[in-house]
file data_11.cif (mmCIF, C-alpha atoms)
data_structure
#
loop_
_atom_site.label_atom_id
_atom_site.label_comp_id
_atom_site.auth_asym_id
_atom_site.auth_seq_id
_atom_site.Cartn_x
_atom_site.Cartn_y
_atom_site.Cartn_z
CA MET I 24 -187.43 109.11 -195.14
CA LEU I 25 -184.53 111.39 -195.23
CA ALA I 26 -183.18 112.34 -191.86
CA MET I 27 -181.90 115.85 -191.85
CA ASN I 28 -179.01 116.91 -189.78
CA LEU I 29 -178.44 120.61 -189.40
CA ALA I 30 -174.73 120.00 -189.14
CA ASP I 31 -174.78 118.64 -192.70
CA ILE I 32 -175.43 122.11 -194.02
CA PRO I 33 -172.03 123.77 -194.34
CA LEU I 34 -173.36 127.15 -193.26
CA PHE I 35 -174.67 125.78 -189.99
CA SER I 36 -171.67 123.65 -189.24
CA MET I 37 -169.42 126.63 -189.85
CA LEU I 38 -171.50 128.86 -187.61
CA ARG I 39 -171.33 126.19 -184.96
CA GLY I 40 -167.59 126.10 -185.29
CA ARG I 41 -167.50 129.84 -184.91
CA LEU I 42 -169.64 129.71 -181.76
CA GLY I 43 -167.43 126.99 -180.33
CA TYR I 44 -164.37 129.09 -181.04
CA LEU I 45 -165.80 132.20 -179.40
CA GLY I 46 -166.99 130.25 -176.36
CA GLU I 47 -163.55 128.76 -175.94
CA ARG I 48 -161.98 132.20 -176.28
CA GLN I 49 -164.33 133.56 -173.64
CA LYS I 50 -163.19 130.81 -171.29
CA LEU I 51 -159.53 131.69 -171.81
CA ILE I 52 -160.24 135.36 -171.15
CA ALA I 53 -162.02 134.39 -167.93
CA GLN I 54 -158.86 132.48 -167.00
CA ASN I 55 -156.67 135.48 -167.69
CA VAL I 56 -158.85 137.83 -165.68
CA ALA I 57 -159.02 135.37 -162.79
CA ASN I 58 -155.22 135.19 -162.76
CA SER I 59 -154.67 138.92 -163.24
CA GLU I 60 -152.70 139.05 -159.97
CA THR I 61 -151.07 135.62 -159.91
CA PRO I 62 -147.29 135.97 -159.91
CA GLY I 63 -145.64 134.72 -163.11
CA TYR I 64 -148.89 134.12 -164.97
CA LYS I 65 -148.83 134.63 -168.74
CA PRO I 66 -152.18 135.26 -170.46
CA GLN I 67 -153.45 132.99 -173.21
CA ASP I 68 -155.57 133.59 -176.26
CA LEU I 69 -156.74 131.58 -179.25
CA LYS I 70 -155.17 131.84 -182.65
CA PRO I 71 -157.20 134.22 -184.81
CA TYR I 72 -160.21 132.54 -186.38
CA SER I 73 -159.48 131.60 -189.95
CA PHE I 74 -162.37 131.33 -192.34
CA ASP I 75 -160.24 129.48 -194.89
CA ALA I 76 -159.31 126.79 -192.40
CA GLN I 77 -162.96 126.32 -191.51
CA VAL I 78 -164.03 125.99 -195.13
CA ARG I 79 -161.23 123.53 -195.76
CA SER I 80 -162.13 121.38 -192.77
CA VAL I 81 -165.77 121.25 -193.86
CA GLN I 82 -164.79 120.22 -197.39
CA LEU I 83 -162.35 117.63 -196.09
CA THR I 84 -164.94 115.89 -193.95
CA ALA I 85 -167.48 115.96 -196.76
CA ALA I 86 -165.01 114.15 -199.00
CA GLY I 87 -164.34 111.55 -196.31
CA ALA I 88 -167.96 110.30 -196.16
CA PRO I 89 -168.34 106.53 -196.44
CA ALA I 90 -169.17 105.27 -199.91
CA ARG I 91 -172.49 103.48 -200.58
CA THR I 92 -171.85 100.43 -202.70
CA GLN I 93 -175.38 99.10 -202.38
CA ALA I 94 -178.67 100.90 -202.61
CA ALA I 95 -179.72 99.48 -199.22
CA HIS I 96 -176.79 101.06 -197.43
CA MET I 97 -177.55 103.94 -195.17
CA ALA I 98 -175.85 107.15 -195.96
CA GLY I 99 -173.20 107.58 -193.31
CA THR I 100 -172.76 110.94 -191.75
CA VAL I 101 -169.33 112.06 -190.82
CA SER I 102 -169.37 113.92 -187.58
CA ARG I 103 -167.84 117.25 -188.24
CA SER I 104 -165.72 118.35 -185.41
CA THR I 105 -165.60 121.92 -186.59
CA SER I 106 -165.94 123.12 -183.04
CA SER I 107 -162.37 122.10 -182.34
CA ALA I 108 -160.86 122.47 -185.82
CA GLY I 109 -158.01 124.92 -185.91
CA ILE I 110 -158.54 126.08 -182.33
CA LYS I 111 -155.31 126.33 -180.45
CA ALA I 112 -154.45 128.29 -177.36
CA ILE I 113 -151.28 130.32 -177.52
CA ARG I 114 -149.58 132.52 -175.00
CA THR I 115 -150.10 136.17 -175.79
CA LYS I 116 -148.57 138.67 -173.44
CA ASP I 117 -150.37 141.95 -172.95
CA SER I 118 -148.57 145.25 -173.28
CA GLU I 119 -147.12 145.27 -169.78
CA THR I 120 -145.43 142.80 -167.49
CA THR I 121 -145.31 143.61 -163.80
CA LEU I 122 -142.33 142.98 -161.55
CA ASP I 123 -143.78 139.68 -160.33
CA GLY I 124 -143.81 138.32 -163.90
CA ASN I 125 -147.53 138.69 -164.51
CA SER I 126 -148.40 140.06 -167.92
CA VAL I 127 -152.17 140.42 -167.73
CA VAL I 128 -153.53 143.91 -168.38
CA LEU I 129 -157.13 143.98 -167.22
CA GLU I 130 -158.18 146.69 -169.67
CA GLU I 131 -156.95 144.74 -172.66
CA GLN I 132 -158.68 141.58 -171.46
CA MET I 133 -161.93 143.53 -171.02
CA MET I 134 -161.62 144.78 -174.59
CA LYS I 135 -161.11 141.25 -175.86
CA MET I 136 -164.06 140.06 -173.85
CA SER I 137 -166.51 142.56 -175.30
CA GLU I 138 -165.07 141.82 -178.74
CA ALA I 139 -165.76 138.11 -178.31
CA ARG I 140 -169.21 138.82 -176.97
CA MET I 141 -170.16 141.00 -179.93
CA ALA I 142 -168.90 138.43 -182.41
CA TYR I 143 -170.85 135.75 -180.51
CA ASP I 144 -174.04 137.79 -180.68
CA ALA I 145 -173.52 138.30 -184.40
CA ALA I 146 -172.99 134.57 -185.01
CA VAL I 147 -176.07 133.61 -182.99
CA GLY I 148 -178.10 136.21 -184.87
CA PHE I 149 -176.90 134.79 -188.15
CA TYR I 150 -177.76 131.27 -187.02
CA GLN I 151 -181.22 132.46 -186.13
CA LYS I 152 -181.73 134.09 -189.52
CA SER I 153 -180.59 130.96 -191.33
CA LEU I 154 -182.96 128.84 -189.26
CA ASN I 155 -185.81 131.15 -190.20
CA LEU I 156 -184.85 130.72 -193.83
CA LEU I 157 -185.11 126.95 -193.50
CA ARG I 158 -188.39 127.33 -191.71
CA THR I 159 -189.76 129.46 -194.50
CA ALA I 160 -188.74 126.84 -197.02
CA ALA I 161 -190.32 124.05 -194.97
CA ARG I 162 -193.65 125.80 -194.54
CA PRO I 163 -196.46 124.35 -196.69
CA PRO I 164 -197.51 126.73 -199.46
CA GLY I 165 -200.62 128.82 -199.04
CA ARG I 166 -200.29 129.10 -195.28
CA GLY I 167 -199.20 132.23 -193.47
CA MET M 21 -170.90 120.80 -156.98
CA PRO M 22 -172.82 119.96 -160.19
CA GLU M 23 -170.83 119.11 -163.28
CA ILE M 24 -170.38 122.03 -165.61
CA LYS M 25 -170.25 121.19 -169.28
CA THR M 26 -170.63 124.37 -171.30
CA THR M 27 -167.66 126.60 -171.95
CA GLN M 28 -169.73 129.51 -170.66
CA GLY M 29 -170.31 127.59 -167.46
CA ALA M 30 -166.58 126.96 -167.17
CA ALA M 31 -165.88 130.66 -167.71
CA GLN M 32 -168.27 131.49 -164.90
CA ALA M 33 -166.74 128.92 -162.57
CA ILE M 34 -163.27 130.33 -163.24
CA ALA M 35 -164.39 133.88 -162.58
CA ALA M 36 -166.15 132.74 -159.41
CA SER M 37 -162.91 131.20 -158.13
CA ALA M 38 -161.26 134.59 -158.64
CA LEU M 39 -164.06 136.31 -156.71
CA ARG M 40 -163.39 133.99 -153.79
CA ALA M 41 -159.64 134.60 -153.98
CA GLN M 42 -160.05 138.39 -154.04
CA GLN M 43 -162.48 138.15 -151.15
CA ALA M 44 -159.89 136.21 -149.13
CA ARG M 45 -157.29 138.84 -150.02
CA MET M 46 -159.60 141.58 -148.76
CA ARG M 47 -159.81 139.71 -145.46
CA VAL M 48 -156.00 139.75 -145.17
CA ILE M 49 -155.92 143.47 -145.97
CA ALA M 50 -158.59 144.14 -143.35
CA GLU M 51 -156.49 142.22 -140.85
CA ASN M 52 -153.45 144.36 -141.63
CA LEU M 53 -155.37 147.61 -141.40
CA ALA M 54 -157.08 146.63 -138.15
CA ASN M 55 -153.73 145.77 -136.59
CA ALA M 56 -151.82 148.77 -137.95
CA ASN M 57 -151.14 149.91 -134.39
CA SER M 58 -151.08 146.64 -132.46
CA THR M 59 -147.98 146.55 -130.29
CA SER M 60 -146.54 143.63 -128.35
CA ARG M 61 -147.96 142.49 -125.03
CA GLU M 62 -144.59 142.32 -123.27
CA ALA M 63 -142.00 145.05 -123.03
CA GLY M 64 -139.58 145.14 -125.99
CA GLY M 65 -141.42 142.33 -127.84
CA ASP M 66 -142.36 142.14 -131.54
CA PRO M 67 -145.64 143.74 -132.61
CA TYR M 68 -148.09 142.51 -135.29
CA ARG M 69 -146.37 141.52 -138.54
CA ARG M 70 -147.95 142.47 -141.87
CA GLN M 71 -149.49 139.53 -143.82
CA VAL M 72 -149.37 139.16 -147.60
CA ALA M 73 -151.80 137.02 -149.64
CA ILE M 74 -150.17 134.80 -152.29
CA PHE M 75 -152.19 133.63 -155.31
CA GLU M 76 -151.61 130.60 -157.48
CA PRO M 77 -153.42 129.08 -160.48
CA ALA M 78 -155.84 126.29 -159.58
CA LYS M 79 -157.47 123.75 -161.87
CA ILE M 80 -161.22 124.31 -162.18
CA ASP M 81 -163.44 122.56 -164.75
CA ALA M 82 -160.72 121.96 -167.32
CA GLY M 83 -159.59 125.54 -166.98
CA GLN M 84 -157.24 127.51 -164.83
CA GLY M 85 -158.91 129.32 -162.01
CA VAL M 86 -157.12 130.95 -159.12
CA ARG M 87 -156.93 130.48 -155.38
CA MET M 88 -155.17 132.06 -152.45
CA SER M 89 -152.51 129.42 -151.79
CA ARG M 90 -151.08 130.83 -148.57
CA VAL M 91 -150.61 133.89 -146.43
CA GLU M 92 -147.05 134.91 -145.74
CA ALA M 93 -145.53 137.30 -143.27
CA ASP M 94 -143.89 140.45 -144.61
CA PRO M 95 -140.22 140.25 -143.48
CA SER M 96 -139.59 144.01 -143.65
CA GLU M 97 -138.48 145.88 -140.53
CA PHE M 98 -140.76 147.28 -137.85
CA ARG M 99 -141.18 150.97 -137.26
CA THR M 100 -139.88 152.24 -133.93
CA GLU M 101 -141.02 155.18 -131.89
CA TYR M 102 -139.51 156.73 -128.79
CA GLU M 103 -142.13 156.50 -126.09
CA PRO M 104 -140.68 155.55 -122.67
CA GLY M 105 -144.05 155.58 -120.95
CA HIS M 106 -145.52 152.90 -123.22
CA PRO M 107 -146.01 149.45 -121.62
CA SER M 108 -144.35 147.71 -124.62
CA ALA M 109 -141.30 149.99 -124.67
CA ASP M 110 -137.88 148.32 -124.35
CA ALA M 111 -135.12 149.33 -121.91
CA GLN M 112 -134.08 152.29 -124.13
CA GLY M 113 -137.66 153.57 -124.27
CA TYR M 114 -138.35 152.55 -127.89
CA VAL M 115 -141.66 150.91 -128.93
CA LYS M 116 -141.76 148.62 -131.96
CA LEU M 117 -144.77 149.29 -134.19
CA PRO M 118 -146.14 146.97 -136.94
CA ASN M 119 -144.61 147.16 -140.45
CA VAL M 120 -148.02 148.06 -141.86
CA ASN M 121 -148.22 151.07 -144.14
CA THR M 122 -151.86 152.11 -144.38
CA LEU M 123 -151.22 153.79 -147.73
CA VAL M 124 -149.90 150.54 -149.21
CA GLU M 125 -152.89 148.66 -147.80
CA ALA M 126 -155.29 151.18 -149.30
CA MET M 127 -153.64 150.69 -152.70
CA ASP M 128 -153.84 146.93 -152.31
CA MET M 129 -157.51 147.22 -151.47
CA ARG M 130 -158.18 149.28 -154.58
CA GLU M 131 -156.45 146.66 -156.69
CA ALA M 132 -158.50 143.86 -155.14
CA GLN M 133 -161.66 145.82 -155.82
CA ARG M 134 -160.72 146.38 -159.44
CA ALA M 135 -159.99 142.69 -159.99
CA TYR M 136 -163.26 141.78 -158.30
CA GLU M 137 -165.22 144.04 -160.62
CA ALA M 138 -163.45 142.68 -163.69
CA ASN M 139 -164.41 139.14 -162.70
CA LEU M 140 -168.01 140.13 -162.08
CA ASN M 141 -167.95 141.56 -165.58
CA VAL M 142 -166.78 138.24 -166.97
CA ILE M 143 -169.61 136.37 -165.25
CA GLU M 144 -172.17 138.84 -166.52
CA THR M 145 -170.88 138.56 -170.10
CA ALA M 146 -170.72 134.76 -170.03
CA ARG M 147 -174.25 134.65 -168.69
CA SER M 148 -175.63 136.94 -171.37
CA MET M 149 -173.90 134.90 -174.08
CA GLU M 150 -175.52 131.76 -172.77
CA MET M 151 -178.91 133.47 -172.62
CA ARG M 152 -178.49 134.56 -176.22
CA VAL M 153 -178.26 130.93 -177.29
CA LEU M 154 -181.19 129.92 -175.10
CA ASP M 155 -183.20 132.61 -176.86
CA LEU M 156 -183.00 130.45 -180.01
CA LEU M 157 -185.50 128.15 -178.33
CA LYS M 158 -188.08 130.86 -177.94
CA ARG M 159 -188.87 131.23 -181.62
#

call {"tool": "encode", "arguments": {"input": "data_11.cif", "output": "C-alpha cells"}}
result
Amino acid sequence: MLAMNLADIPLFSMLRGRLGYLGERQKLIAQNVANSETPGYKPQDLKPYSFDAQVRSVQLTAAGAPARTQAAHMAGTVSRSTSSAGIKAIRTKDSETTLDGNSVVLEEQMMKMSEARMAYDAAVGFYQKSLNLLRTAARPPGRG
Amino acid sequence: MPEIKTTQGAAQAIAASALRAQQARMRVIAENLANANSTSREAGGDPYRRQVAIFEPAKIDAGQGVRMSRVEADPSEFRTEYEPGHPSADAQGYVKLPNVNTLVEAMDMREAQRAYEANLNVIETARSMEMRVLDLLKR
C-alpha cells in the first residue's frame, strides 16, 4: 500500500509554506500594533516572500531523500520544513518616527494586515481547489 | 492560561495584551481628569500631580506583546492662581493647582482609543483567518 502524504506534492507543500509565511507575518503585525505607543519600539516585518526560494527549497529536499538500496526498504520521506524556509524577520521602519523613538504608523500596519489577510484567503482558496482536484481524481468512475 | 500554538492564536494573545495596556492607560487618564482641580489639604501644600503611563514590550507566547510597566509622575510645574480666600492658599494668597491640562488628556484619550480599535481589528482579522482554514474541514 502506498501511503500518501499531501506534503509530498510540491504544490501543497508550497501552499503550506505560503500559509506559514502569512501567518507569521500576521503575528509580527500584531506585535507592531500592540507596541504602537511603546517608546523606542521599531516595527518588524518579514522579508518579501520569494517564489524562487520556495521552489528551490522544495527541489533541494526532494533530492535529499534517502536512497533505497533494497526492494524491502521503505521509501523515506523527508520532512519539508517549507513553513520556515526563507522566513526572516527584519526591522522595517514606517514612514514616521515620533519623538519617543517609536516608528510604528498604525495606518500602514493596518494596510499590511489587510494585505496579508487577502493573500491568506487566496492561498487557502487555492489549497481548497487543489484538494477538490485530488478528490475528483480519487473518485471511482461512474459515480456522481 | 491554555497553551497557544497557532500563529493566529499568538497574534490574538499579543493584541489582547495591548488591549489590557490601553485599558490601564485609560484608567490613568481618567484619574488625571478627575483630579484636574484637586488642591492640597493644607495651606500652601502641593496639589495632585499628573500621572503618565509608561509602556514596555513584554514577552507573550514567543512574541512581543506590550504592558504598562509603571506609572510616573509628571515633573512639570503646577499652575497657580491668586485666591486668598481659598483654604489651600499660601501666605501670599496663591493656590497651587494640579499640572493637568484637560486638552492634553483629551488628546491622550483619543490616542488610546485609536490604538484600542486597531488592536481589536487585529484580533478580528486573525480570527477570520483561522476560521478560513477551519472551513477546509467542512467540505

call {"tool": "interface_residues", "arguments": {"input": "data_11.cif", "of": "chain M", "to": "chain I", "cutoff": "7 Å", "atoms": "only C-alpha atoms", "output": "VMD selection string"}}
result
chain M and resid 27 to 28 30 to 31 34 to 35 38 75 to 77 83 to 86 138 to 139 142 149 153 156

call {"tool": "write_last_selection", "arguments": {"input": "data_11.cif", "atoms": "C-alpha atoms", "output": "compact mmCIF listing (two decimals), keeping the file's coordinate frame"}}
result
# COMPACT_ATOMS: atom_id res chain seq x y z
CA THR M 27 -167.66 126.60 -171.95
CA GLN M 28 -169.73 129.51 -170.66
CA ALA M 30 -166.58 126.96 -167.17
CA ALA M 31 -165.88 130.66 -167.71
CA ILE M 34 -163.27 130.33 -163.24
CA ALA M 35 -164.39 133.88 -162.58
CA ALA M 38 -161.26 134.59 -158.64
CA PHE M 75 -152.19 133.63 -155.31
CA GLU M 76 -151.61 130.60 -157.48
CA PRO M 77 -153.42 129.08 -160.48
CA GLY M 83 -159.59 125.54 -166.98
CA GLN M 84 -157.24 127.51 -164.83
CA GLY M 85 -158.91 129.32 -162.01
CA VAL M 86 -157.12 130.95 -159.12
CA ALA M 138 -163.45 142.68 -163.69
CA ASN M 139 -164.41 139.14 -162.70
CA VAL M 142 -166.78 138.24 -166.97
CA MET M 149 -173.90 134.90 -174.08
CA VAL M 153 -178.26 130.93 -177.29
CA LEU M 156 -183.00 130.45 -180.01

call {"tool": "atom_distance", "arguments": {"input": "data_11.cif", "atom1": "atom CA of I:Leu156", "atom2": "atom CA of M:Ser148"}}
result
25.1 Å

call {"tool": "closest_residue", "arguments": {"input": "data_11.cif", "among": "M:Leu53, M:Met88, M:Leu154, M:Ala146", "to": "M:Val124", "atoms": "only C-alpha atoms"}}
result
M:Leu53

call {"tool": "axis_aligned_box", "arguments": {"input": "data_11.cif", "around": "stretch 104-117 of chain M", "padding_each_side": "3 Å", "output": "JSON"}}
result
{"center_x": -140.0, "center_y": 151.6, "center_z": -127.6, "size_x": 17.9, "size_y": 13.9, "size_z": 19.2}

call {"tool": "atom_distance", "arguments": {"input": "data_11.cif", "atom1": "atom CA of M:Leu123", "atom2": "atom CA of I:Pro66"}}
result
29.3 Å

call {"tool": "resolve_selection", "arguments": {"input": "data_11.cif", "expression": "the PyMOL selection byres ((chain I and resi 112) around 8)", "output": "list of chain:residue names"}}
result
I:Gln67, I:Asp68, I:Leu69, I:Lys70, I:Ile110, I:Lys111, I:Ile113, I:Arg114

call {"tool": "write_last_selection", "arguments": {"input": "data_11.cif", "atoms": "C-alpha atoms", "output": "PDB file, keeping the file's coordinate frame"}}
result
ATOM      1  CA  GLN I  67    -153.450 132.990-173.210  1.00  0.00           C
ATOM      2  CA  ASP I  68    -155.570 133.590-176.260  1.00  0.00           C
ATOM      3  CA  LEU I  69    -156.740 131.580-179.250  1.00  0.00           C
ATOM      4  CA  LYS I  70    -155.170 131.840-182.650  1.00  0.00           C
ATOM      5  CA  ILE I 110    -158.540 126.080-182.330  1.00  0.00           C
ATOM      6  CA  LYS I 111    -155.310 126.330-180.450  1.00  0.00           C
ATOM      7  CA  ILE I 113    -151.280 130.320-177.520  1.00  0.00           C
ATOM      8  CA  ARG I 114    -149.580 132.520-175.000  1.00  0.00           C
TER       9      ARG I 114
END

call {"tool": "build_atoms", "arguments": {"input": "data_11.cif", "residues": "stretch 37-59 of chain I", "atoms": "N, CA and C atoms", "output": "PDB file, keeping the file's coordinate frame"}}
result
ATOM      1  N   MET I  37    -170.445 125.604-189.996  1.00  0.00           N
ATOM      2  CA  MET I  37    -169.420 126.630-189.850  1.00  0.00           C
ATOM      3  C   MET I  37    -169.789 127.614-188.742  1.00  0.00           C
ATOM      4  N   LEU I  38    -171.063 127.961-188.678  1.00  0.00           N
ATOM      5  CA  LEU I  38    -171.500 128.860-187.610  1.00  0.00           C
ATOM      6  C   LEU I  38    -171.295 128.201-186.252  1.00  0.00           C
ATOM      7  N   ARG I  39    -171.528 126.901-186.219  1.00  0.00           N
ATOM      8  CA  ARG I  39    -171.330 126.190-184.960  1.00  0.00           C
ATOM      9  C   ARG I  39    -169.872 126.208-184.558  1.00  0.00           C
ATOM     10  N   GLY I  40    -169.019 126.028-185.565  1.00  0.00           N
ATOM     11  CA  GLY I  40    -167.590 126.100-185.290  1.00  0.00           C
ATOM     12  C   GLY I  40    -167.196 127.458-184.741  1.00  0.00           C
ATOM     13  N   ARG I  41    -167.790 128.461-185.335  1.00  0.00           N
ATOM     14  CA  ARG I  41    -167.500 129.840-184.910  1.00  0.00           C
ATOM     15  C   ARG I  41    -167.955 130.052-183.454  1.00  0.00           C
ATOM     16  N   LEU I  42    -169.136 129.562-183.129  1.00  0.00           N
ATOM     17  CA  LEU I  42    -169.640 129.710-181.760  1.00  0.00           C
ATOM     18  C   LEU I  42    -168.745 128.962-180.773  1.00  0.00           C
ATOM     19  N   GLY I  43    -168.321 127.767-181.193  1.00  0.00           N
ATOM     20  CA  GLY I  43    -167.430 126.990-180.330  1.00  0.00           C
ATOM     21  C   GLY I  43    -166.133 127.734-180.076  1.00  0.00           C
ATOM     22  N   TYR I  44    -165.619 128.313-181.143  1.00  0.00           N
ATOM     23  CA  TYR I  44    -164.370 129.090-181.040  1.00  0.00           C
ATOM     24  C   TYR I  44    -164.524 130.247-180.069  1.00  0.00           C
ATOM     25  N   LEU I  45    -165.601 131.009-180.237  1.00  0.00           N
ATOM     26  CA  LEU I  45    -165.800 132.200-179.400  1.00  0.00           C
ATOM     27  C   LEU I  45    -166.044 131.817-177.939  1.00  0.00           C
ATOM     28  N   GLY I  46    -166.766 130.701-177.734  1.00  0.00           N
ATOM     29  CA  GLY I  46    -166.990 130.250-176.360  1.00  0.00           C
ATOM     30  C   GLY I  46    -165.680 129.873-175.694  1.00  0.00           C
ATOM     31  N   GLU I  47    -164.850 129.174-176.460  1.00  0.00           N
ATOM     32  CA  GLU I  47    -163.550 128.760-175.940  1.00  0.00           C
ATOM     33  C   GLU I  47    -162.693 129.998-175.602  1.00  0.00           C
ATOM     34  N   ARG I  48    -162.765 130.984-176.480  1.00  0.00           N
ATOM     35  CA  ARG I  48    -161.980 132.200-176.280  1.00  0.00           C
ATOM     36  C   ARG I  48    -162.441 132.907-175.002  1.00  0.00           C
ATOM     37  N   GLN I  49    -163.758 132.931-174.831  1.00  0.00           N
ATOM     38  CA  GLN I  49    -164.330 133.560-173.640  1.00  0.00           C
ATOM     39  C   GLN I  49    -163.801 132.871-172.377  1.00  0.00           C
ATOM     40  N   LYS I  50    -163.672 131.563-172.442  1.00  0.00           N
ATOM     41  CA  LYS I  50    -163.190 130.810-171.290  1.00  0.00           C
ATOM     42  C   LYS I  50    -161.739 131.199-170.975  1.00  0.00           C
ATOM     43  N   LEU I  51    -160.933 131.315-172.017  1.00  0.00           N
ATOM     44  CA  LEU I  51    -159.530 131.690-171.810  1.00  0.00           C
ATOM     45  C   LEU I  51    -159.421 133.080-171.212  1.00  0.00           C
ATOM     46  N   ILE I  52    -160.282 133.994-171.680  1.00  0.00           N
ATOM     47  CA  ILE I  52    -160.240 135.360-171.150  1.00  0.00           C
ATOM     48  C   ILE I  52    -160.630 135.348-169.678  1.00  0.00           C
ATOM     49  N   ALA I  53    -161.634 134.521-169.341  1.00  0.00           N
ATOM     50  CA  ALA I  53    -162.020 134.390-167.930  1.00  0.00           C
ATOM     51  C   ALA I  53    -160.832 133.915-167.107  1.00  0.00           C
ATOM     52  N   GLN I  54    -160.064 132.974-167.676  1.00  0.00           N
ATOM     53  CA  GLN I  54    -158.860 132.480-167.000  1.00  0.00           C
ATOM     54  C   GLN I  54    -157.856 133.596-166.765  1.00  0.00           C
ATOM     55  N   ASN I  55    -157.642 134.392-167.800  1.00  0.00           N
ATOM     56  CA  ASN I  55    -156.670 135.480-167.690  1.00  0.00           C
ATOM     57  C   ASN I  55    -157.086 136.492-166.641  1.00  0.00           C
ATOM     58  N   VAL I  56    -158.366 136.837-166.647  1.00  0.00           N
ATOM     59  CA  VAL I  56    -158.850 137.830-165.680  1.00  0.00           C
ATOM     60  C   VAL I  56    -158.751 137.276-164.263  1.00  0.00           C
ATOM     61  N   ALA I  57    -159.099 135.981-164.120  1.00  0.00           N
ATOM     62  CA  ALA I  57    -159.020 135.370-162.790  1.00  0.00           C
ATOM     63  C   ALA I  57    -157.594 135.400-162.268  1.00  0.00           C
ATOM     64  N   ASN I  58    -156.623 135.229-163.172  1.00  0.00           N
ATOM     65  CA  ASN I  58    -155.220 135.190-162.760  1.00  0.00           C
ATOM     66  C   ASN I  58    -154.518 136.520-162.979  1.00  0.00           C
ATOM     67  N   SER I  59    -155.275 137.616-162.944  1.00  0.00           N
ATOM     68  CA  SER I  59    -154.670 138.920-163.240  1.00  0.00           C
ATOM     69  C   SER I  59    -153.679 139.341-162.169  1.00  0.00           C
TER      70      SER I  59
END
